[in-house]
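*Asks:* Quick one, upload04.csv (CSV, C-alpha atoms):
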chain,number,residue,atom,x,y,z
A,1,SER,CA,5.3,34.2,42.9
A,2,MET,CA,6.2,33.6,46.6
A,3,SER,CA,5.8,29.9,46.0
A,4,GLU,CA,9.1,29.7,44.1
A,5,MET,CA,10.8,29.9,47.5
A,6,ASN,CA,8.9,26.9,48.9
A,7,LYS,CA,11.1,24.1,50.3
A,8,TYR,CA,11.0,20.8,48.5
A,9,ARG,CA,13.2,18.0,47.3
A,10,GLY,CA,13.8,18.7,43.7
A,11,LEU,CA,15.9,16.6,41.2
A,12,GLY,CA,19.0,18.5,42.2
A,13,SER,CA,18.6,17.8,45.9
A,14,ILE,CA,18.1,14.1,45.2
A,15,LEU,CA,21.0,13.7,42.9
A,16,THR,CA,23.3,15.8,45.1
A,17,GLU,CA,22.6,13.3,47.9
A,18,GLN,CA,23.8,10.6,45.5
A,19,GLY,CA,27.1,12.3,44.8
A,20,TYR,CA,26.2,14.1,41.6
A,21,THR,CA,27.6,17.5,40.6
A,22,THR,CA,24.5,19.5,39.8
A,23,SER,CA,24.2,22.7,37.7
A,24,PHE,CA,21.8,25.0,35.8
A,25,HIS,CA,23.0,26.8,32.6
A,26,HIS,CA,21.1,29.8,31.2
A,27,GLY,CA,22.3,32.1,28.5
A,28,GLY,CA,20.4,35.1,29.9
A,29,THR,CA,21.3,37.7,32.5
A,30,THR,CA,21.5,36.2,36.0
A,31,GLY,CA,18.2,36.8,37.8
A,32,THR,CA,16.1,36.6,34.6
A,33,MET,CA,12.8,34.6,35.3
A,34,GLY,CA,14.2,34.0,38.8
A,35,PHE,CA,16.0,30.9,37.5
A,36,ASP,CA,19.0,31.4,39.7
A,37,ALA,CA,16.9,31.4,42.9
A,38,PHE,CA,14.7,28.6,41.7
A,39,ALA,CA,17.7,26.4,40.7
A,40,ARG,CA,19.0,26.6,44.3
A,41,VAL,CA,15.6,25.7,45.7
A,42,ALA,CA,15.5,22.7,43.4
A,43,GLY,CA,19.0,21.7,44.8
A,44,LEU,CA,21.0,22.5,41.7
A,45,MET,CA,24.2,23.8,43.4
A,46,ARG,CA,25.9,25.7,40.5
A,47,TYR,CA,24.2,28.4,38.4
A,48,TYR,CA,25.8,29.9,35.2
A,49,GLY,CA,24.4,32.9,33.4
A,50,LYS,CA,25.3,35.2,30.6
A,51,GLU,CA,28.0,36.8,32.8
A,52,ASP,CA,29.8,33.5,32.9
A,53,PHE,CA,30.1,33.2,29.1
A,54,PRO,CA,33.7,34.1,28.1
A,55,ASN,CA,34.4,36.7,25.5
A,56,PHE,CA,30.7,37.7,25.3
A,57,SER,CA,30.0,39.9,22.2
A,58,GLU,CA,27.1,41.1,20.0
A,59,ARG,CA,28.0,38.2,17.6
A,60,VAL,CA,26.5,35.7,20.0
A,61,TYR,CA,23.7,37.9,21.4
A,62,ASP,CA,20.1,37.4,20.2
A,63,GLY,CA,19.2,41.1,21.0
A,64,ALA,CA,16.6,40.3,23.6
A,65,TRP,CA,17.1,37.2,25.9
A,66,GLY,CA,20.7,36.3,25.8
A,67,ILE,CA,23.2,34.1,24.0
A,68,CYS,CA,22.1,32.2,20.9
A,69,ASP,CA,21.8,28.4,21.2
A,70,GLU,CA,24.8,27.2,19.1
A,71,PRO,CA,27.6,29.1,20.9
A,72,TYR,CA,25.9,28.6,24.3
A,73,PHE,CA,25.4,24.8,23.9
A,74,LEU,CA,29.0,24.4,22.9
A,75,GLU,CA,30.3,26.5,25.8
A,76,VAL,CA,28.2,24.4,28.2
A,77,ALA,CA,29.4,21.2,26.7
A,78,SER,CA,33.0,22.2,27.2
A,79,ARG,CA,32.2,23.2,30.8
A,80,LEU,CA,30.7,19.7,31.4
A,81,ASP,CA,34.1,18.3,30.6
A,82,THR,CA,35.4,19.9,33.8
A,83,PHE,CA,32.8,18.5,36.1
A,84,PRO,CA,33.5,15.4,38.3
A,85,GLN,CA,31.3,12.5,37.2
A,86,PRO,CA,28.5,11.8,37.8
A,87,PHE,CA,26.8,15.1,37.0
A,88,CYS,CA,23.3,16.4,36.3
A,89,SER,CA,23.1,19.7,34.3
A,90,VAL,CA,20.0,21.6,33.1
A,91,ILE,CA,20.6,23.7,29.9
A,92,PHE,CA,17.9,26.3,29.2
A,93,SER,CA,17.9,27.4,25.5
A,94,LEU,CA,16.7,30.7,24.1
A,95,SER,CA,16.7,30.8,20.3
A,96,SER,CA,13.4,29.1,19.8
A,97,HIS,CA,11.7,31.9,21.7
A,98,ASP,CA,10.4,35.3,20.4
A,99,PRO,CA,12.1,37.3,18.8
A,100,TYR,CA,13.3,34.1,17.0
A,101,THR,CA,16.8,35.5,16.2
A,102,ILE,CA,19.2,33.5,14.0
A,103,PRO,CA,22.8,34.8,14.1
A,104,GLU,CA,23.8,36.6,10.9
A,105,HIS,CA,26.7,34.2,10.1
A,106,ARG,CA,24.2,31.2,10.2
A,107,LYS,CA,21.3,32.6,8.2
A,108,LYS,CA,22.6,31.2,4.9
A,109,ILE,CA,22.1,27.7,6.2
A,110,PHE,CA,18.3,28.3,6.4
A,111,GLU,CA,17.8,30.5,3.3
A,112,ASN,CA,16.0,27.6,1.5
A,113,TYR,CA,13.3,27.9,4.2
A,114,SER,CA,12.6,31.6,3.6
A,115,ALA,CA,8.9,30.8,3.0
A,116,GLU,CA,8.5,29.4,6.5
A,117,THR,CA,7.6,31.5,9.6
A,118,ASP,CA,10.2,33.0,11.9
A,119,VAL,CA,9.1,30.4,14.5
A,120,ASP,CA,9.8,27.5,12.1
A,121,ARG,CA,13.3,28.8,11.1
A,122,ALA,CA,14.2,29.5,14.7
A,123,VAL,CA,13.3,26.0,15.7
A,124,ARG,CA,15.4,24.7,12.8
A,125,TYR,CA,18.3,26.8,14.2
A,126,SER,CA,17.8,25.3,17.6
A,127,ASP,CA,17.8,21.8,16.1
A,128,PHE,CA,21.0,22.6,14.2
A,129,SER,CA,22.5,23.8,17.5
A,130,LEU,CA,21.5,20.6,19.2
A,131,GLY,CA,23.3,18.7,16.4
A,132,GLU,CA,26.5,20.7,17.0
A,133,PHE,CA,26.2,20.0,20.8
A,134,PHE,CA,25.9,16.2,20.2
A,135,ARG,CA,28.7,16.2,17.6
A,136,TYR,CA,30.9,17.5,20.4
A,137,ALA,CA,29.4,15.4,23.2
A,138,GLN,CA,29.9,12.1,21.2
A,139,ARG,CA,33.7,12.6,21.4
A,140,GLN,CA,33.7,13.0,25.2
A,141,PRO,CA,34.2,10.2,27.8
A,142,TRP,CA,30.9,11.1,29.6
A,143,TYR,CA,28.7,10.7,26.5
A,144,GLU,CA,27.9,7.0,26.7
A,145,ASN,CA,27.0,7.1,30.4
A,146,THR,CA,24.7,10.1,30.0
A,147,ILE,CA,20.9,10.2,29.7
A,148,PHE,CA,19.9,13.2,27.6
A,149,LEU,CA,16.4,14.6,28.0
A,150,ILE,CA,15.1,17.2,25.5
A,151,THR,CA,11.8,19.0,26.0
A,152,ALA,CA,10.2,22.4,25.9
A,153,ASP,CA,8.7,24.5,28.6
A,154,HIS,CA,5.7,25.6,26.4
A,155,THR,CA,4.5,25.8,22.8
A,156,GLU,CA,3.9,28.9,20.7
A,157,PHE,CA,0.8,29.2,22.8
A,158,SER,CA,-2.4,30.8,21.6
A,159,THR,CA,-6.0,30.1,22.7
A,160,ARG,CA,-6.7,30.2,18.9
A,161,ASN,CA,-4.9,26.9,18.6
A,162,SER,CA,-6.7,23.6,19.2
A,163,VAL,CA,-6.5,22.6,22.8
A,164,TYR,CA,-4.2,19.7,21.8
A,165,ASN,CA,-1.7,21.8,19.8
A,166,ALA,CA,-1.6,24.5,22.5
A,167,PHE,CA,0.1,22.0,24.8
A,168,HIS,CA,1.7,19.3,22.6
A,169,ILE,CA,5.5,19.6,23.1
A,170,PRO,CA,8.5,17.4,22.2
A,171,PHE,CA,9.8,15.1,24.9
A,172,LEU,CA,12.8,13.0,23.9
A,173,ILE,CA,15.1,10.7,25.9
A,174,HIS,CA,18.4,9.8,24.3
A,175,ALA,CA,20.5,7.2,25.9
A,176,PRO,CA,21.7,4.8,23.1
A,177,LYS,CA,23.7,2.6,25.5
A,178,TYR,CA,20.7,1.9,27.6
A,179,LEU,CA,17.5,2.5,25.6
A,180,PRO,CA,16.7,1.1,22.2
A,181,PRO,CA,14.8,3.5,19.8
A,182,ARG,CA,11.0,3.5,20.3
A,183,ARG,CA,8.1,5.8,20.3
A,184,ILE,CA,5.7,5.9,23.2
A,185,GLU,CA,2.2,7.1,22.3
A,186,ARG,CA,1.0,7.9,25.8
A,187,THR,CA,0.1,11.0,27.6
A,188,GLY,CA,2.8,12.7,29.6
A,189,ALA,CA,3.6,16.0,31.3
A,190,HIS,CA,6.5,17.9,32.9
A,191,VAL,CA,5.6,16.4,36.3
A,192,TYR,CA,6.7,13.0,34.9
A,193,ILE,CA,10.3,14.1,34.3
A,194,LEU,CA,11.5,13.6,37.9
A,195,PRO,CA,10.1,10.1,38.5
A,196,THR,CA,11.2,9.0,35.0
A,197,LEU,CA,14.8,10.0,35.5
A,198,ILE,CA,14.9,8.4,39.0
A,199,ASP,CA,13.5,5.3,37.4
A,200,LEU,CA,16.0,5.3,34.6
A,201,LEU,CA,18.9,5.9,37.0
A,202,ARG,CA,17.7,3.2,39.4
A,203,ILE,CA,18.2,5.5,42.4
A,204,PRO,CA,16.8,4.1,45.7
A,205,THR,CA,15.3,7.2,47.3
A,206,THR,CA,12.1,8.6,48.7
A,207,TYR,CA,10.5,11.5,46.9
A,208,ALA,CA,7.2,13.2,46.2
A,209,ALA,CA,5.9,13.7,42.7
A,210,MET,CA,2.6,14.5,41.0
A,211,GLY,CA,3.5,12.2,38.1
A,212,ARG,CA,4.6,8.6,37.5
A,213,SER,CA,7.5,7.3,35.5
A,214,LEU,CA,6.9,7.2,31.8
A,215,MET,CA,8.7,3.9,31.8
A,216,ASP,CA,5.9,2.4,33.9
A,217,SER,CA,3.4,1.1,31.4
A,218,THR,CA,0.9,0.0,34.1
A,219,ALA,CA,0.0,3.4,35.5
A,220,GLU,CA,-2.6,5.6,33.8
A,221,LYS,CA,-1.1,9.0,32.8
A,222,MET,CA,-2.7,12.3,32.7
A,223,ALA,CA,-1.8,16.0,32.1
A,224,VAL,CA,-3.6,18.9,33.8
A,225,VAL,CA,-3.6,22.2,31.9
A,226,LYS,CA,-5.0,25.7,31.9
A,227,PHE,CA,-6.5,26.9,28.6
A,228,GLY,CA,-7.6,30.5,28.6
A,229,PRO,CA,-10.2,30.7,31.4
A,230,HIS,CA,-10.7,26.9,31.4
A,231,PHE,CA,-8.9,24.0,32.9
A,232,GLY,CA,-8.4,20.6,31.1
A,233,ILE,CA,-7.3,17.1,31.9
A,234,PHE,CA,-5.7,15.0,29.1
A,235,THR,CA,-5.6,11.2,29.3
A,236,ASP,CA,-4.9,8.6,26.6
A,237,SER,CA,-8.6,8.3,26.0
A,238,PHE,CA,-10.2,11.8,26.3
A,239,LEU,CA,-9.9,15.5,27.2
A,240,LEU,CA,-12.1,16.8,30.0
A,241,ARG,CA,-12.5,20.5,29.7
Give the structure from this file in structure tokens form.
*Replies:*
Amino acid sequence: SMSEMNKYRGLGSILTEQGYTTSFHHGGTTGTMGFDAFARVAGLMRYYGKEDFPNFSERVYDGAWGICDEPYFLEVASRLDTFPQPFCSVIFSLSSHDPYTIPEHRKKIFENYSAETDVDRAVRYSDFSLGEFFRYAQRQPWYENTIFLITADHTEFSTRNSVYNAFHIPFLIHAPKYLPPRRIERTGAHVYILPTLIDLLRIPTTYAAMGRSLMDSTAEKMAVVKFGPHFGIFTDSFLLR
């Protein structure tokens, strides 16, 4: 929509002011979903698409969206090695999306899960790819000083799902040097990502956000959603539909 060109101070803008190298990495064709334009609006100064992947071939192509997760994650990880620190990079994955393609040379890994749905096995492949990314990252000098945030933009959405399952997505923060393992059973939403990262990075800045830091245990959290023709508000206590 036209609103994608609105001016605002996104995470990229804020971190660029703090001296960060900022980038957006997407294994699809540049222009897909308007990500390249939106990344610039959000202040992420460098955009990398499928065209920037060296030696692109059908072996790494999912047949629909772009490059499969494992080769793309590893390519981005090696590219991060070249960035001046500190850096902030967004990596948008594709393999856990329809048509749920697993590369031919990796299908044998998941043959024990043949009874599962295509969605389940595609998520297993994405999880495997994340493991390969972290195996590489752990050997790099920037690993210990990095906060990794892993989430999804949406579920396998259907109004036939329960309202809860239609919107429940993973949200993981991995920073072993700074955060001990724990599980926070509280409501959150995408609008909490910006304030949470600014809180974790202890950046003194002024910003506008519709959410609060997930590290703030005193503030009530809520998530506003659209479910078919209805709207809903989740809190820790109830769902108003």
*Asks:* May I have the residues within 7 Å of region 85-102 of chain A as a PyMOL selection string, using all atoms listed in the file and disregarding those fewer than 3 positions away in the same chain?
*Replies:* chain A and resi 20-26+62+65+68-69+106-107+118-119+122-123+125-126
*Asks:* Is it possible to get the residues within 12 Å of (16.2, 26.0, 42.0) (coordinates as in the file, counting only C-alpha atoms) written as a ChimeraX atom specification?
*Replies:* /A:3-13,22-25,31,33-47,90
*Asks:* Quick one: residues within 9 Å of region 201-216 of chain A, all atoms listed in the file, excluding same-chain residues fewer than 3 positions away - as an NGL selection string?
*Replies:* :A and (8-10 or 14-15 or 18 or 147 or 184 or 186-198 or 219-223)
*Asks:* Report, in Å with one decimal, the straight-line distance from CA of Ile109 (chain A) to CA of Arg121 (chain A).
*Replies:* 10.1 Å
*Asks:* Counting all atoms listed in the file, I want the residues whose atoms come within 12 Å of (30.4, 37.3, 27.5) in the file frame, returned as a PyMOL selection string.
*Replies:* chain A and resi 27-29+48-61+66-68+71-72+75
*Asks:* Show me, as a Markdown table, the residues of region 22-138 of chain A having an atom within 12 Å of region 163-175 of chain A, each with the closest atom pair and its distance in Å, using only C-alpha atoms.
*Replies:*
| residue | atom | partner | partner_atom | distance |
| --- | --- | --- | --- | --- |
| A:Val123 | CA | A:Pro170 | CA | 11.8 |
| A:Asp127 | CA | A:Pro170 | CA | 12.0 |
| A:Phe134 | CA | A:His174 | CA | 10.7 |
| A:Gln138 | CA | A:Ala175 | CA | 11.6 |
*Asks:* Pick from A:Val224, A:Leu179, A:Val76, A:Ala115: nearest to Leu130 (chain A), with only C-alpha atoms counted?
*Replies:*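 Ranked by minimum distance to Leu130 (chain A), first place goes to A:Val76.
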*Asks:* Find the distance between CA of Glu70 (chain A) and CA of Ser129 (chain A) and write it in Å to one decimal.
*Replies:*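 So the answer is 4.4 Å.
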*Asks:* Just the number, please: distance in Å from CA of Pro181 (chain A) to CA of Arg135 (chain A), one decimal.
*Replies:*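 Between these atoms lies a distance of 19.0 Å.
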*Asks:* Identify which of the residues A:Asn145, A:Thr16, A:Ser162, A:Thr155 lies closest to Tyr178 (chain A), counting all atoms listed in the file when measuring atom-to-atom distances.
*Replies:* A:Asn145
